[in-house]
Amino acid sequence: MRLPSHANPQHDAPAASPRLGSGPLWLAVALVGLGLALGLGALLQRLARESGPQLAPIPSLAPATLPDDAVHVGGSGSCIALVRRAVAGCRQQGQRVDVVIHEGIGSGGGLAALADGALAVALVSRPLKPEELKQELRVMPYARSPVALALQPDNGVADLSLAQLADLLAGKVARWPDGTPTQWLLRERGDSSHAVLRAAWPAFAAWEQTARQSSQAQVLFHDRTMHATLQSTPGTFGWVDAAAVRAEGVPVALPRIDGATADSAGLAAGRWPWAKDQSAVTRARDHAKALPLLNCLRSPAGRAALLAAGALPTPTE
Amino acid sequence: MPTRPELQPSVVLSRRLVPLAALAWVLVAGVAPVGGGLLRLTELEDQGDRLAQRVADLVDRETTAQARLWRYDTQKLMEQIEQLRTAEGLPAVLVEHAGTVAVAVPDRATTNLQAPQVLWRSAPTRGVVPARVHVAVALRPLWQEMALLIAVFGLLATVLAGLLRWLPLRTVRSAEQRIRELVVELQDSQTELQGLAESLERRVAERSEQLAQTAEKLRELTAHAVQLQEDERRSIARDLHDGIGQTLTALRLQLQTLAAKSPMSARPPNVVLSLVDQALDETRRAVRRLAPPLLAELGLVGAIRQMADALEARGALRIAVSVDPPSLAHAPSLGAAVDVACFRIVQEALTNAARHSRVGQVKVTVQLREAELTCEVADDGCGFAPSAVVGGQGLRGMGERAALVGGHLELHTAPGQGCRVVAHLPLSTGERAR
């Protein structure tokens with residue numbers, strides 16, 4: 001018996017062609033590569049399409065156009081409420097004060113609008129800057145208003161010592177007596193009330209800085225939003241113009257500090273440490289146009305209204 | 001035509017796996033970064049749209065309260081936008097009003113920002129002051145994410161493509177190695193088996209040779225035994241012929257002489273002579289049975305022809321005898337055993353034909369080939385069915401005679417188709433030499 005001899009196993013391997021089956025795979029590679037290139041192209045095209053606004057920046061906005069037949073008044077939000085109260089008092093006394101009082105645009109905004117002629121009277125709650133004083137302006141201080149701590153009446157705080165206030169601002173007091181967590185509402189850096197506090201109370205700046213850097217910090221940009229937030233959010237507290245709060249009838253508590261109240265009496269007695277001066281600013285050439293308002297603010301009715309709101313009217317000359 | 005050399009499966013597979021690995025690499029390394037980039041870009045666009053709308057809403061709130069004088073309070077608006085921009089990580093926010101940039105945070109230089117640094121999205125205000133807010137969304141996260149995806153998925157794709165190519169190749173190469181080992185084992189087994197086969201063939205050949213020698217020896221012994229038997233039969237036949245035959249002949253002559261000389265009353269009865277004649281006839285028949293007188297004197301072919309002539313003379317049959325080759329008729333004896341076996345088989349077959357076939361034509365053929373003597377007796381008679389034969393002493397005797405010298409007997413017959421008896425008688429080495 002004889003078996004068939006074996007050939008070289010290497011030569012017995014199946015004679016498959018290496019090209020068989022490779023073509024479709026290479027085609028798939030090419031298609032996938034093409035798809036990826038198209039996807040990348042789509043991505044870059046979308047980026048190129050969103051290349052940004054094609055604008056021609058200009059130095060400043062065009063001045064607002066307002067009708068000339070009215071006396072337009074605007075400026076600091078804390079002044080607006082008080083002046084509206086005074087004008088209302090004058091009108092109740094039969095004085096004719098034809099003015100249009102706009103919402104607050106800040107002291108700086110009011111002065112800018114005054115410079116553009118958009119306003120006849122700018123109400124400011126801070127000292128004028130040197131560059132603002134270079135203009136031919138007439139500045140008439142009409143009241144001094146207290147800067148006070150405001151909180152919700154439900155928190156049960158009517159009196160605070162200065163040390164307690166310092167602890168509160170330093171973040172050492174986590175809850176109010178009613179158990180509500182405390183939260184400091186801040187204003188923008190340029191706010192006149194905070195500027196007064198920084199100037200009068202050196203430690204305040206550090207506490208304010210710490211509070212601004214906190215992740216829980218909430219910064220508000222208008223008196224109206226500050227008032228609204230104080231009302232709506234339990235446990236919040238913040239610094240406000242006490243006269244403006246009273247003038248608008250905002251239902252917040254203004255606790256006494258070391259027994260002193262944030263009103264004209266506290267200011268007059270020198271017991272309330274933080275206050276800011278409110279002034280009415282006019283351009284010299286438009287001063288006569290603003291006289292009805294200025295006279296109202298100096299009139300007994302106007303001053304009474306200021307006093308009622310807790311502001312200390314500026315003594316007349 | 002020259003043919004391309006065949007490749008190993010692993011080489012073929014390796015070549016085939018290259019595009020597959022490339023496809024896997026391109027898919028894994030390319031699709032994820034590009035797809036992820038597109039998704040991330042979409043997210044950034046959505047984020048930009050949301051933030052632009054938030055700023056637009058903020059502008060709406062500020063300008064609605066001061067529809068105429070809002071432009072003098074943009075500082076606070078900018079601070080609020082800046083607060084939002086810082087919180088959201090936006091590179092720039094612009095407020096477009098009346099075709100100019102009313103507010104630019106952090107400054108007006110940011111209007112020059114473009115891709116690939118930022119992606120600009122915009123939203124219109126819906127309040128009293130028509131404006132459009134443009135928000136620049138930083139694209140750094142997109143590029144960082146794509147770079148990370150490219151790095152990670154490129155590495156993953158490289159590993160995957162490598163595995164995709166390496167694992168099957170490892171398996172195939174392992175299988176190839178195993179096949180080579182099996183082939184080597186098979187070759188070893190084949191060599192061993194071949195050796196065994198050759199050894200077996202050798203032993204079979206040796207045994208066959210021994211068997212052939214034994215068979216040859218057996219045939220020679222058989223032939224010798226037949227020869228001795230024939231010699232013994234002749235001796236007995238001679239003794240019968242020369243002894244009892246001569247005695248009986250002498251006895252008959254004496255009886256005839258006595259009868260001639262004796263008176264009628266004293267003559268031996270005729271029955272005695274008849275009995276003597278009968279004894280003489282039986283003695284002669286026994287002598288003929290024991291040793292056919294023709295075979296020794298005329299040889300095989302001559303004896304067969306003589307026997308055929310004798311049968312024809314009785315008028316029973318017409319017998320044609322053919323010899324192949326013709327020289328066989330004059331050839332010396334092929335050996336007593338073969339001669340006797342052939343003669344007796346032909347004799348029996350002819351006797352059967354005369355008795356049973358009921359025909360007159362019979363053909364006898366004696367054929368000598370290299371190692372075999374073939375004797376054939378064929379008639380065209382009535383034939384018969386072999387299975388119907390009862391007893392069959394004659395047929396069996398022919399078979400035994402053939403087998404005794406190592407041959408065999410063939411019987412070809414059927415009812416109505418005649419009968420053909422063929423005896424194949426192998427010649428021993430010595431007989432072939434003769």
# chains A, B, ... in the order shown; residues from 1 in each chain; ligands from 1
$ closest_atom_pairs --of "chain B" --to "chain A" --cutoff "8 Å" --atoms "only C-alpha atoms" --output "Markdown table"
| residue | atom | partner | partner_atom | distance |
| --- | --- | --- | --- | --- |
| B:Glu6 | CA | A:Ala15 | CA | 5.3 |
| B:Leu7 | CA | A:Ala15 | CA | 6.6 |
| B:Gln8 | CA | A:Ala13 | CA | 5.6 |
| B:Pro9 | CA | A:Ala13 | CA | 6.2 |
| B:Val12 | CA | A:Pro18 | CA | 5.3 |
| B:Leu13 | CA | A:Pro18 | CA | 7.7 |
| B:Arg15 | CA | A:Pro18 | CA | 6.3 |
| B:Arg16 | CA | A:Ser22 | CA | 5.8 |
| B:Pro19 | CA | A:Trp26 | CA | 5.6 |
| B:Leu20 | CA | A:Leu25 | CA | 6.2 |
| B:Ala22 | CA | A:Val29 | CA | 6.9 |
| B:Leu23 | CA | A:Val29 | CA | 4.8 |
| B:Val26 | CA | A:Gly33 | CA | 6.8 |
| B:Leu27 | CA | A:Val32 | CA | 6.8 |
| B:Gly30 | CA | A:Leu36 | CA | 6.5 |
| B:Val31 | CA | A:Leu36 | CA | 6.5 |
| B:Val34 | CA | A:Leu40 | CA | 6.1 |
| B:Gly35 | CA | A:Gly39 | CA | 7.5 |
| B:Gly37 | CA | A:Leu43 | CA | 7.6 |
| B:Leu38 | CA | A:Leu43 | CA | 6.0 |
| B:Leu41 | CA | A:Leu43 | CA | 7.6 |
| B:Ala65 | CA | A:Glu103 | CA | 6.7 |
| B:Gln66 | CA | A:Glu103 | CA | 6.3 |
| B:Arg68 | CA | A:Ala64 | CA | 6.4 |
| B:Leu69 | CA | A:Ala64 | CA | 6.6 |
| B:Trp70 | CA | A:Ile105 | CA | 7.1 |
| B:Arg71 | CA | A:Leu61 | CA | 7.0 |
| B:Tyr72 | CA | A:Gly109 | CA | 4.5 |
| B:Asp73 | CA | A:Gly109 | CA | 5.1 |
| B:Lys76 | CA | A:Phe221 | CA | 6.4 |
| B:Glu79 | CA | A:Glu188 | CA | 7.7 |
| B:Gln80 | CA | A:Phe221 | CA | 7.4 |
| B:Gly99 | CA | A:Leu55 | CA | 7.0 |
| B:Thr100 | CA | A:Pro57 | CA | 5.7 |
| B:Val101 | CA | A:Pro57 | CA | 5.4 |
| B:Ala102 | CA | A:Leu61 | CA | 6.5 |
| B:Arg108 | CA | A:Pro57 | CA | 7.4 |
| B:Thr111 | CA | A:Pro53 | CA | 7.4 |
| B:Asn112 | CA | A:Gly52 | CA | 8.0 |
| B:Leu113 | CA | A:Gly52 | CA | 7.4 |
| B:Gln114 | CA | A:Ser51 | CA | 5.3 |
| B:Ala115 | CA | A:Ser51 | CA | 6.1 |
| B:Pro116 | CA | A:Leu47 | CA | 7.3 |
| B:Leu119 | CA | A:Glu50 | CA | 5.9 |
| B:Trp120 | CA | A:Gly52 | CA | 5.0 |
| B:Arg121 | CA | A:Glu50 | CA | 6.9 |
| B:His134 | CA | A:Pro53 | CA | 7.1 |
| B:Ala136 | CA | A:Gly52 | CA | 7.8 |
| B:Arg180 | CA | A:Pro9 | CA | 6.8 |
| B:Val183 | CA | A:Pro9 | CA | 7.4 |
| B:Gln187 | CA | A:His6 | CA | 7.1 |
| B:Gln190 | CA | A:Leu3 | CA | 6.8 |
| B:Gln194 | CA | A:Arg2 | CA | 6.0 |
| B:Ala197 | CA | A:Met1 | CA | 5.3 |
| B:Glu198 | CA | A:Met1 | CA | 7.4 |
| B:Glu201 | CA | A:Met1 | CA | 7.9 |
$ select_by_dssp --residues "region 98-228 of chain A" --states "strand (DSSP E)" --output "PyMOL selection string"
chain A and resi 99-101+121-124+137-151+159-160+183-187+218-220
$ atom_distance --atom1 "CA of Leu162 (chain A)" --atom2 "CA of Arg256 (chain A)"
9.7 Å
$ atom_distance --atom1 "CA of Arg212 (chain A)" --atom2 "CA of Leu186 (chain A)"
7.5 Å
$ residues_around --residues "region 146-149 of chain B" --least-positions-apart "2" --cutoff "8 Å" --atoms "only C-alpha atoms" --output "PDB file with N, CA and C atoms, in the first residue's frame"
ATOM      1  N   ALA B  32     -15.791  60.453  15.010  1.00  0.00           N
ATOM      2  CA  ALA B  32     -16.026  60.995  16.354  1.00  0.00           C
ATOM      3  C   ALA B  32     -15.612  62.463  16.460  1.00  0.00           C
ATOM      4  N   PRO B  33     -14.384  62.836  16.031  1.00  0.00           N
ATOM      5  CA  PRO B  33     -14.018  64.253  16.142  1.00  0.00           C
ATOM      6  C   PRO B  33     -14.895  65.165  15.278  1.00  0.00           C
ATOM      7  N   VAL B  34     -15.139  64.741  14.032  1.00  0.00           N
ATOM      8  CA  VAL B  34     -15.945  65.612  13.165  1.00  0.00           C
ATOM      9  C   VAL B  34     -17.393  65.672  13.663  1.00  0.00           C
ATOM     10  N   GLY B  36     -18.438  64.951  16.708  1.00  0.00           N
ATOM     11  CA  GLY B  36     -18.423  65.652  17.992  1.00  0.00           C
ATOM     12  C   GLY B  36     -18.260  67.152  17.801  1.00  0.00           C
ATOM     13  N   GLY B  37     -17.409  67.511  16.833  1.00  0.00           N
ATOM     14  CA  GLY B  37     -17.208  68.939  16.567  1.00  0.00           C
ATOM     15  C   GLY B  37     -18.485  69.603  16.080  1.00  0.00           C
ATOM     16  N   LEU B 142     -14.514  74.309  21.615  1.00  0.00           N
ATOM     17  CA  LEU B 142     -14.722  73.449  20.445  1.00  0.00           C
ATOM     18  C   LEU B 142     -13.400  72.852  19.983  1.00  0.00           C
ATOM     19  N   TRP B 143     -12.392  73.745  19.848  1.00  0.00           N
ATOM     20  CA  TRP B 143     -11.100  73.238  19.350  1.00  0.00           C
ATOM     21  C   TRP B 143     -10.466  72.293  20.367  1.00  0.00           C
ATOM     22  N   GLN B 144     -10.598  72.642  21.658  1.00  0.00           N
ATOM     23  CA  GLN B 144     -10.020  71.777  22.680  1.00  0.00           C
ATOM     24  C   GLN B 144     -10.690  70.399  22.654  1.00  0.00           C
ATOM     25  N   ALA B 151      -7.207  63.148  19.550  1.00  0.00           N
ATOM     26  CA  ALA B 151      -6.132  62.424  20.232  1.00  0.00           C
ATOM     27  C   ALA B 151      -6.635  61.091  20.770  1.00  0.00           C
ATOM     28  N   VAL B 152      -7.758  61.147  21.473  1.00  0.00           N
ATOM     29  CA  VAL B 152      -8.273  59.921  22.109  1.00  0.00           C
ATOM     30  C   VAL B 152      -8.721  58.919  21.066  1.00  0.00           C
ATOM     31  N   PHE B 153      -9.538  59.384  20.117  1.00  0.00           N
ATOM     32  CA  PHE B 153     -10.081  58.444  19.139  1.00  0.00           C
ATOM     33  C   PHE B 153      -9.022  58.033  18.113  1.00  0.00           C
ATOM     34  N   GLY B 154      -8.046  58.924  17.883  1.00  0.00           N
ATOM     35  CA  GLY B 154      -6.942  58.516  17.021  1.00  0.00           C
ATOM     36  C   GLY B 154      -6.180  57.368  17.649  1.00  0.00           C
TER      37      GLY B 154
END
$ residues_around --residues "Gly94 (chain A)" --least-positions-apart "2" --cutoff "12 Å" --atoms "only C-alpha atoms" --output "PDB file with C-alpha atoms, in the first residue's frame"
ATOM      1  CA  VAL A  87     -43.768 118.349  43.036  1.00  0.00           C
ATOM      2  CA  ALA A  88     -46.914 116.608  44.150  1.00  0.00           C
ATOM      3  CA  GLY A  89     -46.834 118.617  47.388  1.00  0.00           C
ATOM      4  CA  CYS A  90     -46.383 121.871  45.525  1.00  0.00           C
ATOM      5  CA  ARG A  91     -49.177 121.087  43.158  1.00  0.00           C
ATOM      6  CA  GLN A  92     -51.408 120.355  46.107  1.00  0.00           C
ATOM      7  CA  ARG A  96     -47.917 125.364  38.810  1.00  0.00           C
ATOM      8  CA  VAL A  97     -45.014 123.047  38.120  1.00  0.00           C
ATOM      9  CA  CYS A 296     -41.011 124.234  44.173  1.00  0.00           C
ATOM     10  CA  SER A 299     -40.975 126.289  48.643  1.00  0.00           C
ATOM     11  CA  ALA A 301     -44.683 122.775  50.350  1.00  0.00           C
ATOM     12  CA  GLY A 302     -41.743 121.208  48.659  1.00  0.00           C
TER      13      GLY A 302
END
$ residues_around --residues "Ala286 (chain B)" --least-positions-apart "3" --cutoff "12 Å" --atoms "only C-alpha atoms" --output "NGL selection string"
:B and (233-234 or 236-241 or 244-245 or 279-283 or 289-293)
$ write_last_selection --atoms "N, CA and C atoms" --output "mmCIF file, in the first residue's frame"
data_model
loop_
_atom_site.group_PDB
_atom_site.id
_atom_site.type_symbol
_atom_site.label_atom_id
_atom_site.label_comp_id
_atom_site.auth_asym_id
_atom_site.auth_seq_id
_atom_site.Cartn_x
_atom_site.Cartn_y
_atom_site.Cartn_z
ATOM 1 N N ARG B 233 -1.636 -49.459 -11.183
ATOM 2 C CA ARG B 233 -2.775 -50.002 -11.913
ATOM 3 C C ARG B 233 -2.291 -50.853 -13.098
ATOM 4 N N ARG B 234 -1.292 -50.333 -13.788
ATOM 5 C CA ARG B 234 -0.751 -51.103 -14.913
ATOM 6 C C ARG B 234 -0.177 -52.452 -14.421
ATOM 7 N N ILE B 236 -1.060 -54.034 -11.766
ATOM 8 C CA ILE B 236 -2.162 -54.933 -11.426
ATOM 9 C C ILE B 236 -2.805 -55.488 -12.707
ATOM 10 N N ALA B 237 -2.987 -54.551 -13.668
ATOM 11 C CA ALA B 237 -3.602 -54.958 -14.928
ATOM 12 C C ALA B 237 -2.748 -56.026 -15.625
ATOM 13 N N ARG B 238 -1.430 -55.804 -15.596
ATOM 14 C CA ARG B 238 -0.518 -56.772 -16.216
ATOM 15 C C ARG B 238 -0.619 -58.109 -15.490
ATOM 16 N N ASP B 239 -0.638 -58.031 -14.171
ATOM 17 C CA ASP B 239 -0.745 -59.281 -13.398
ATOM 18 C C ASP B 239 -2.055 -60.006 -13.740
ATOM 19 N N LEU B 240 -3.141 -59.191 -13.819
ATOM 20 C CA LEU B 240 -4.424 -59.816 -14.176
ATOM 21 C C LEU B 240 -4.362 -60.455 -15.555
ATOM 22 N N HIS B 241 -3.775 -59.661 -16.507
ATOM 23 C CA HIS B 241 -3.689 -60.157 -17.882
ATOM 24 C C HIS B 241 -2.783 -61.389 -17.984
ATOM 25 N N ILE B 244 -4.245 -64.247 -14.146
ATOM 26 C CA ILE B 244 -5.599 -64.789 -14.211
ATOM 27 C C ILE B 244 -6.056 -64.960 -15.657
ATOM 28 N N GLY B 245 -5.702 -63.992 -16.498
ATOM 29 C CA GLY B 245 -6.132 -64.048 -17.904
ATOM 30 C C GLY B 245 -5.560 -65.278 -18.595
ATOM 31 N N ALA B 279 -15.733 -64.924 -17.243
ATOM 32 C CA ALA B 279 -14.624 -64.505 -16.375
ATOM 33 C C ALA B 279 -13.528 -63.846 -17.183
ATOM 34 N N LEU B 280 -13.273 -64.401 -18.399
ATOM 35 C CA LEU B 280 -12.255 -63.785 -19.255
ATOM 36 C C LEU B 280 -12.666 -62.353 -19.647
ATOM 37 N N ASP B 281 -13.915 -62.212 -20.026
ATOM 38 C CA ASP B 281 -14.356 -60.850 -20.402
ATOM 39 C C ASP B 281 -14.229 -59.868 -19.238
ATOM 40 N N GLU B 282 -14.642 -60.292 -18.068
ATOM 41 C CA GLU B 282 -14.549 -59.390 -16.902
ATOM 42 C C GLU B 282 -13.099 -59.045 -16.591
ATOM 43 N N THR B 283 -12.247 -60.061 -16.760
ATOM 44 C CA THR B 283 -10.819 -59.796 -16.507
ATOM 45 C C THR B 283 -10.293 -58.762 -17.498
ATOM 46 N N ARG B 289 -9.928 -51.011 -17.537
ATOM 47 C CA ARG B 289 -10.248 -49.924 -16.598
ATOM 48 C C ARG B 289 -9.018 -49.475 -15.823
ATOM 49 N N LEU B 290 -8.252 -50.449 -15.437
ATOM 50 C CA LEU B 290 -7.088 -50.104 -14.623
ATOM 51 C C LEU B 290 -6.046 -49.332 -15.421
ATOM 52 N N ALA B 291 -5.834 -49.633 -16.638
ATOM 53 C CA ALA B 291 -4.812 -48.938 -17.428
ATOM 54 C C ALA B 291 -5.261 -48.908 -18.861
ATOM 55 N N PRO B 292 -5.714 -47.720 -19.348
ATOM 56 C CA PRO B 292 -6.148 -47.637 -20.728
ATOM 57 C C PRO B 292 -4.979 -48.014 -21.637
ATOM 58 N N PRO B 293 -5.140 -48.953 -22.401
ATOM 59 C CA PRO B 293 -4.012 -49.433 -23.185
ATOM 60 C C PRO B 293 -3.589 -48.441 -24.249
#
$ select_by_dssp --residues "region 69-187 of chain A" --states "alpha helix (DSSP H)" --output "ChimeraX atom specification"
/A:77-92,106-116,130-133,162-169
